[in-house]
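Trainee: The structure that follows is given in the form of structure tokens.
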Amino acid sequence: MRLGPGLDTALIYLADLQQRLLIPLEEALQPLPVEGSAAGWAYRTLSAQVADTDDRLIVWVPLVDGAERLGVLAVGVASLDAVRLRRSRMLAHLFAMLITSKRA
């Protein structure tokens, strides 16, 4: 998904029932372990985590509904500043609300 200025891509990963894996909604991608990954760290600690790849940064933002952890949002950015981080968090809140409303 293209997101506009500053944010390149967004991918949603939802936690499995045992909370061991983060399952991507994009079927071509592989699940990520909750233990030992940047995505899992963001999920466990409810804090954004930044991972550096070859050509861009990935901001892992937790998806939370109240006190319930749903998963994480991976946002690709060329560079990170306060505005892009705030936009990533706002996008994660929006996706968490959408996921929760559809789940009910």
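Letters A, B, ... go to the chains of the structure tokens in the order shown; residues in each chain start at 1; ligands are counted from 1 in the same order.
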I want to know what sits within 10 Å of A:Arg84, based on only C-alpha atoms, with residues of the same chain fewer than 2 positions away left out; could you give that as an mmCIF file with N, CA, C and O atoms, in the first residue's frame?

Mentor:
```cif
data_model
loop_
_atom_site.group_PDB
_atom_site.id
_atom_site.type_symbol
_atom_site.label_atom_id
_atom_site.label_comp_id
_atom_site.auth_asym_id
_atom_site.auth_seq_id
_atom_site.Cartn_x
_atom_site.Cartn_y
_atom_site.Cartn_z
ATOM 1 N N PRO A 5 3.536 11.167 1.088
ATOM 2 C CA PRO A 5 4.850 11.729 1.373
ATOM 3 C C PRO A 5 5.488 11.145 2.636
ATOM 4 O O PRO A 5 4.902 11.164 3.702
ATOM 5 N N GLY A 6 6.684 10.610 2.457
ATOM 6 C CA GLY A 6 7.451 10.160 3.607
ATOM 7 C C GLY A 6 7.230 8.717 4.014
ATOM 8 O O GLY A 6 8.103 8.099 4.588
ATOM 9 N N LEU A 7 6.054 8.162 3.754
ATOM 10 C CA LEU A 7 5.753 6.784 4.125
ATOM 11 C C LEU A 7 5.619 5.971 2.846
ATOM 12 O O LEU A 7 4.771 6.254 2.014
ATOM 13 N N VAL A 59 9.731 0.892 10.269
ATOM 14 C CA VAL A 59 9.249 1.266 11.599
ATOM 15 C C VAL A 59 8.174 0.262 11.976
ATOM 16 O O VAL A 59 7.163 0.140 11.290
ATOM 17 N N VAL A 75 5.951 -0.043 8.680
ATOM 18 C CA VAL A 75 5.904 1.111 7.784
ATOM 19 C C VAL A 75 7.295 1.338 7.224
ATOM 20 O O VAL A 75 8.256 1.503 7.976
ATOM 21 N N VAL A 77 10.045 3.581 5.364
ATOM 22 C CA VAL A 77 10.382 4.997 5.167
ATOM 23 C C VAL A 77 11.821 5.097 4.655
ATOM 24 O O VAL A 77 12.661 4.259 4.977
ATOM 25 N N SER A 79 13.695 7.815 5.312
ATOM 26 C CA SER A 79 14.358 8.397 6.484
ATOM 27 C C SER A 79 13.290 8.637 7.539
ATOM 28 O O SER A 79 12.110 8.727 7.235
ATOM 29 N N LEU A 80 13.725 8.747 8.779
ATOM 30 C CA LEU A 80 12.773 8.871 9.882
ATOM 31 C C LEU A 80 12.971 10.190 10.607
ATOM 32 O O LEU A 80 14.092 10.574 10.920
ATOM 33 N N ASP A 81 11.864 10.881 10.835
ATOM 34 C CA ASP A 81 11.857 12.081 11.655
ATOM 35 C C ASP A 81 10.605 12.035 12.521
ATOM 36 O O ASP A 81 9.833 11.078 12.459
ATOM 37 N N ALA A 82 10.402 13.051 13.329
ATOM 38 C CA ALA A 82 9.268 13.070 14.264
ATOM 39 C C ALA A 82 7.930 13.033 13.527
ATOM 40 O O ALA A 82 6.983 12.385 13.987
ATOM 41 N N ARG A 86 5.195 10.065 13.944
ATOM 42 C CA ARG A 86 3.828 10.376 14.378
ATOM 43 C C ARG A 86 2.808 9.847 13.377
ATOM 44 O O ARG A 86 1.786 9.262 13.761
ATOM 45 N N ARG A 87 3.069 10.008 12.080
ATOM 46 C CA ARG A 87 2.155 9.483 11.055
ATOM 47 C C ARG A 87 2.061 7.964 11.130
ATOM 48 O O ARG A 87 0.979 7.393 10.967
ATOM 49 N N SER A 88 3.177 7.309 11.385
ATOM 50 C CA SER A 88 3.174 5.844 11.508
ATOM 51 C C SER A 88 2.324 5.405 12.691
ATOM 52 O O SER A 88 1.543 4.447 12.591
ATOM 53 N N ARG A 89 2.456 6.101 13.808
ATOM 54 C CA ARG A 89 1.644 5.766 14.989
ATOM 55 C C ARG A 89 0.153 6.032 14.745
ATOM 56 O O ARG A 89 -0.695 5.232 15.160
ATOM 57 N N MET A 90 -0.152 7.136 14.077
ATOM 58 C CA MET A 90 -1.550 7.439 13.769
ATOM 59 C C MET A 90 -2.139 6.381 12.841
ATOM 60 O O MET A 90 -3.282 5.953 13.020
#
```

Trainee: Give me the residues within 8 Å of A:Val34 as a PyMOL selection string, counting only C-alpha atoms and dropping any in the same chain fewer than 6 places off.

Mentor: chain A and resi 19-22+40-41+43-44

Trainee: Do you have the atom CA of A:Ala10-atom CA of A:Ala74 distance handy?

Mentor: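 Atom CA of A:Ala10 sits 5.5 Å away from atom CA of A:Ala74.
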
Trainee: I'd like to know which residues of stretch 14-54 of chain A are helix (DSSP H, G or I) (by DSSP, run on the backbone); could you write them as a list in words?

Mentor: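 Here are the helix (DSSP H, G or I) residues of stretch 14-54 of chain A: Ala38, Ala39, Gly40, Trp41, Ala42, Tyr43, Arg44 and Thr45 of chain A.
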
Trainee: Once you have the residues from the selection above, write them out as a PDB file, in the first residue's frame, restricted to N, CA and C atoms.

Mentor:
```pdb
ATOM      1  N   ALA A  38      12.565  -7.694  15.494  1.00  0.00           N
ATOM      2  CA  ALA A  38      12.218  -6.293  15.775  1.00  0.00           C
ATOM      3  C   ALA A  38      10.700  -6.135  15.866  1.00  0.00           C
ATOM      4  N   ALA A  39       9.979  -6.839  14.999  1.00  0.00           N
ATOM      5  CA  ALA A  39       8.521  -6.797  15.037  1.00  0.00           C
ATOM      6  C   ALA A  39       7.993  -7.334  16.363  1.00  0.00           C
ATOM      7  N   GLY A  40       8.569  -8.449  16.805  1.00  0.00           N
ATOM      8  CA  GLY A  40       8.163  -9.040  18.078  1.00  0.00           C
ATOM      9  C   GLY A  40       8.483  -8.145  19.259  1.00  0.00           C
ATOM     10  N   TRP A  41       9.612  -7.451  19.195  1.00  0.00           N
ATOM     11  CA  TRP A  41       9.983  -6.524  20.275  1.00  0.00           C
ATOM     12  C   TRP A  41       8.942  -5.406  20.378  1.00  0.00           C
ATOM     13  N   ALA A  42       8.537  -4.857  19.220  1.00  0.00           N
ATOM     14  CA  ALA A  42       7.509  -3.811  19.228  1.00  0.00           C
ATOM     15  C   ALA A  42       6.197  -4.349  19.785  1.00  0.00           C
ATOM     16  N   TYR A  43       5.848  -5.579  19.410  1.00  0.00           N
ATOM     17  CA  TYR A  43       4.624  -6.212  19.888  1.00  0.00           C
ATOM     18  C   TYR A  43       4.667  -6.436  21.402  1.00  0.00           C
ATOM     19  N   ARG A  44       5.778  -6.967  21.892  1.00  0.00           N
ATOM     20  CA  ARG A  44       5.897  -7.287  23.321  1.00  0.00           C
ATOM     21  C   ARG A  44       5.956  -6.048  24.198  1.00  0.00           C
ATOM     22  N   THR A  45       6.675  -5.030  23.762  1.00  0.00           N
ATOM     23  CA  THR A  45       6.913  -3.857  24.612  1.00  0.00           C
ATOM     24  C   THR A  45       5.940  -2.715  24.363  1.00  0.00           C
TER      25      THR A  45
END
```

Trainee: Here is a test: counting only C-alpha atoms, which residue of A:Leu91, A:Leu98, A:Ile23, A:Ala78 is nearest to A:Asp52?

Mentor: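 Smallest separation from A:Asp52 among the options: A:Ala78.
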
Trainee: Under the rule that only C-alpha atoms are counted, which of A:Lys102, A:Arg56, A:Val72, A:Leu11 is the nearest residue to A:Ala28?

Mentor: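 Looking only at the distances to A:Ala28, the closest residue turns out to be A:Leu11.
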
Trainee: Applying 7 Å and only C-alpha atoms, which residues near A:Pro62 remain after dropping the ones on its own chain fewer than 2 positions away? List them as a list in words.

Mentor: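 Contacts, with the query itself left out: Ala42, Tyr43, Leu46, Ser47, Ala48, Trp60, Val64, Gly71, Val72, Leu73 and Ala92 of chain A.
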
Trainee: Generate a file of the selected residues that holds all heavy atoms, formatted as a PDB file, in the first residue's frame.

Mentor:
```pdb
ATOM      1  N   ALA A  42       8.537  -4.857  19.220  1.00  0.00           N
ATOM      2  CA  ALA A  42       7.509  -3.811  19.228  1.00  0.00           C
ATOM      3  C   ALA A  42       6.197  -4.349  19.785  1.00  0.00           C
ATOM      4  O   ALA A  42       5.518  -3.686  20.568  1.00  0.00           O
ATOM      5  CB  ALA A  42       7.301  -3.264  17.811  1.00  0.00           C
ATOM      6  N   TYR A  43       5.848  -5.579  19.410  1.00  0.00           N
ATOM      7  CA  TYR A  43       4.624  -6.212  19.888  1.00  0.00           C
ATOM      8  C   TYR A  43       4.667  -6.436  21.402  1.00  0.00           C
ATOM      9  O   TYR A  43       3.721  -6.120  22.115  1.00  0.00           O
ATOM     10  CB  TYR A  43       4.425  -7.540  19.150  1.00  0.00           C
ATOM     11  CG  TYR A  43       3.255  -8.347  19.628  1.00  0.00           C
ATOM     12  CD1 TYR A  43       1.958  -7.998  19.257  1.00  0.00           C
ATOM     13  CD2 TYR A  43       3.427  -9.459  20.439  1.00  0.00           C
ATOM     14  CE1 TYR A  43       0.874  -8.740  19.699  1.00  0.00           C
ATOM     15  CE2 TYR A  43       2.352 -10.206  20.869  1.00  0.00           C
ATOM     16  CZ  TYR A  43       1.075  -9.839  20.498  1.00  0.00           C
ATOM     17  OH  TYR A  43       0.009 -10.576  20.935  1.00  0.00           O
ATOM     18  N   LEU A  46       5.124  -2.845  23.316  1.00  0.00           N
ATOM     19  CA  LEU A  46       4.185  -1.778  22.924  1.00  0.00           C
ATOM     20  C   LEU A  46       4.909  -0.465  22.628  1.00  0.00           C
ATOM     21  O   LEU A  46       4.398   0.613  22.886  1.00  0.00           O
ATOM     22  CB  LEU A  46       3.109  -1.564  23.994  1.00  0.00           C
ATOM     23  CG  LEU A  46       2.213  -2.764  24.285  1.00  0.00           C
ATOM     24  CD1 LEU A  46       1.230  -2.444  25.395  1.00  0.00           C
ATOM     25  CD2 LEU A  46       1.487  -3.205  23.028  1.00  0.00           C
ATOM     26  N   SER A  47       6.092  -0.585  22.052  1.00  0.00           N
ATOM     27  CA  SER A  47       6.901   0.571  21.676  1.00  0.00           C
ATOM     28  C   SER A  47       7.345   0.420  20.232  1.00  0.00           C
ATOM     29  O   SER A  47       7.624  -0.688  19.773  1.00  0.00           O
ATOM     30  CB  SER A  47       8.150   0.666  22.552  1.00  0.00           C
ATOM     31  OG  SER A  47       7.799   0.794  23.900  1.00  0.00           O
ATOM     32  N   ALA A  48       7.440   1.539  19.530  1.00  0.00           N
ATOM     33  CA  ALA A  48       7.921   1.498  18.150  1.00  0.00           C
ATOM     34  C   ALA A  48       9.374   1.033  18.124  1.00  0.00           C
ATOM     35  O   ALA A  48      10.155   1.340  19.019  1.00  0.00           O
ATOM     36  CB  ALA A  48       7.791   2.876  17.506  1.00  0.00           C
ATOM     37  N   TRP A  60       8.428  -0.484  13.036  1.00  0.00           N
ATOM     38  CA  TRP A  60       7.463  -1.460  13.555  1.00  0.00           C
ATOM     39  C   TRP A  60       6.672  -0.775  14.663  1.00  0.00           C
ATOM     40  O   TRP A  60       7.240  -0.364  15.665  1.00  0.00           O
ATOM     41  CB  TRP A  60       8.167  -2.694  14.101  1.00  0.00           C
ATOM     42  CG  TRP A  60       8.889  -3.472  13.050  1.00  0.00           C
ATOM     43  CD1 TRP A  60      10.218  -3.397  12.749  1.00  0.00           C
ATOM     44  CD2 TRP A  60       8.322  -4.421  12.152  1.00  0.00           C
ATOM     45  NE1 TRP A  60      10.508  -4.265  11.720  1.00  0.00           N
ATOM     46  CE2 TRP A  60       9.359  -4.901  11.332  1.00  0.00           C
ATOM     47  CE3 TRP A  60       7.028  -4.912  11.961  1.00  0.00           C
ATOM     48  CZ2 TRP A  60       9.154  -5.856  10.340  1.00  0.00           C
ATOM     49  CZ3 TRP A  60       6.821  -5.861  10.979  1.00  0.00           C
ATOM     50  CH2 TRP A  60       7.873  -6.322  10.184  1.00  0.00           C
ATOM     51  N   VAL A  64      -2.749  -1.853  18.800  1.00  0.00           N
ATOM     52  CA  VAL A  64      -3.323  -2.072  20.124  1.00  0.00           C
ATOM     53  C   VAL A  64      -4.761  -1.581  20.141  1.00  0.00           C
ATOM     54  O   VAL A  64      -5.069  -0.512  19.605  1.00  0.00           O
ATOM     55  CB  VAL A  64      -2.510  -1.317  21.204  1.00  0.00           C
ATOM     56  CG1 VAL A  64      -3.070  -1.559  22.584  1.00  0.00           C
ATOM     57  CG2 VAL A  64      -1.050  -1.713  21.140  1.00  0.00           C
ATOM     58  N   GLY A  71      -1.230  -6.946  17.046  1.00  0.00           N
ATOM     59  CA  GLY A  71      -0.131  -7.263  16.144  1.00  0.00           C
ATOM     60  C   GLY A  71       0.750  -6.045  15.971  1.00  0.00           C
ATOM     61  O   GLY A  71       0.874  -5.223  16.885  1.00  0.00           O
ATOM     62  N   VAL A  72       1.337  -5.921  14.778  1.00  0.00           N
ATOM     63  CA  VAL A  72       2.200  -4.780  14.484  1.00  0.00           C
ATOM     64  C   VAL A  72       1.955  -4.289  13.070  1.00  0.00           C
ATOM     65  O   VAL A  72       1.464  -5.028  12.212  1.00  0.00           O
ATOM     66  CB  VAL A  72       3.702  -5.122  14.646  1.00  0.00           C
ATOM     67  CG1 VAL A  72       4.069  -5.371  16.085  1.00  0.00           C
ATOM     68  CG2 VAL A  72       4.101  -6.283  13.767  1.00  0.00           C
ATOM     69  N   LEU A  73       2.320  -3.048  12.854  1.00  0.00           N
ATOM     70  CA  LEU A  73       2.288  -2.440  11.534  1.00  0.00           C
ATOM     71  C   LEU A  73       3.724  -2.148  11.133  1.00  0.00           C
ATOM     72  O   LEU A  73       4.476  -1.544  11.910  1.00  0.00           O
ATOM     73  CB  LEU A  73       1.479  -1.136  11.573  1.00  0.00           C
ATOM     74  CG  LEU A  73       1.436  -0.332  10.283  1.00  0.00           C
ATOM     75  CD1 LEU A  73       0.660  -1.077   9.203  1.00  0.00           C
ATOM     76  CD2 LEU A  73       0.820   1.040  10.524  1.00  0.00           C
ATOM     77  N   ALA A  92      -1.171   3.277  12.639  1.00  0.00           N
ATOM     78  CA  ALA A  92      -1.347   2.063  13.444  1.00  0.00           C
ATOM     79  C   ALA A  92      -2.630   2.135  14.276  1.00  0.00           C
ATOM     80  O   ALA A  92      -3.358   1.143  14.384  1.00  0.00           O
ATOM     81  CB  ALA A  92      -0.138   1.847  14.349  1.00  0.00           C
TER      82      ALA A  92
END
```

Trainee: Could you check which of A:Ile58, A:Val83, A:Leu32, A:Ile99 is closest to A:Thr9, using only C-alpha atoms?

Mentor: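 Using only C-alpha atoms, A:Thr9 sits closest to A:Ile58.
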
Trainee: Would you mind telling me which residue in A:Thr100, A:Gln18, A:Ser37, A:Thr53 lies nearest to A:Gly76 when using only C-alpha atoms?

Mentor: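 Nearest to A:Gly76: A:Thr53.
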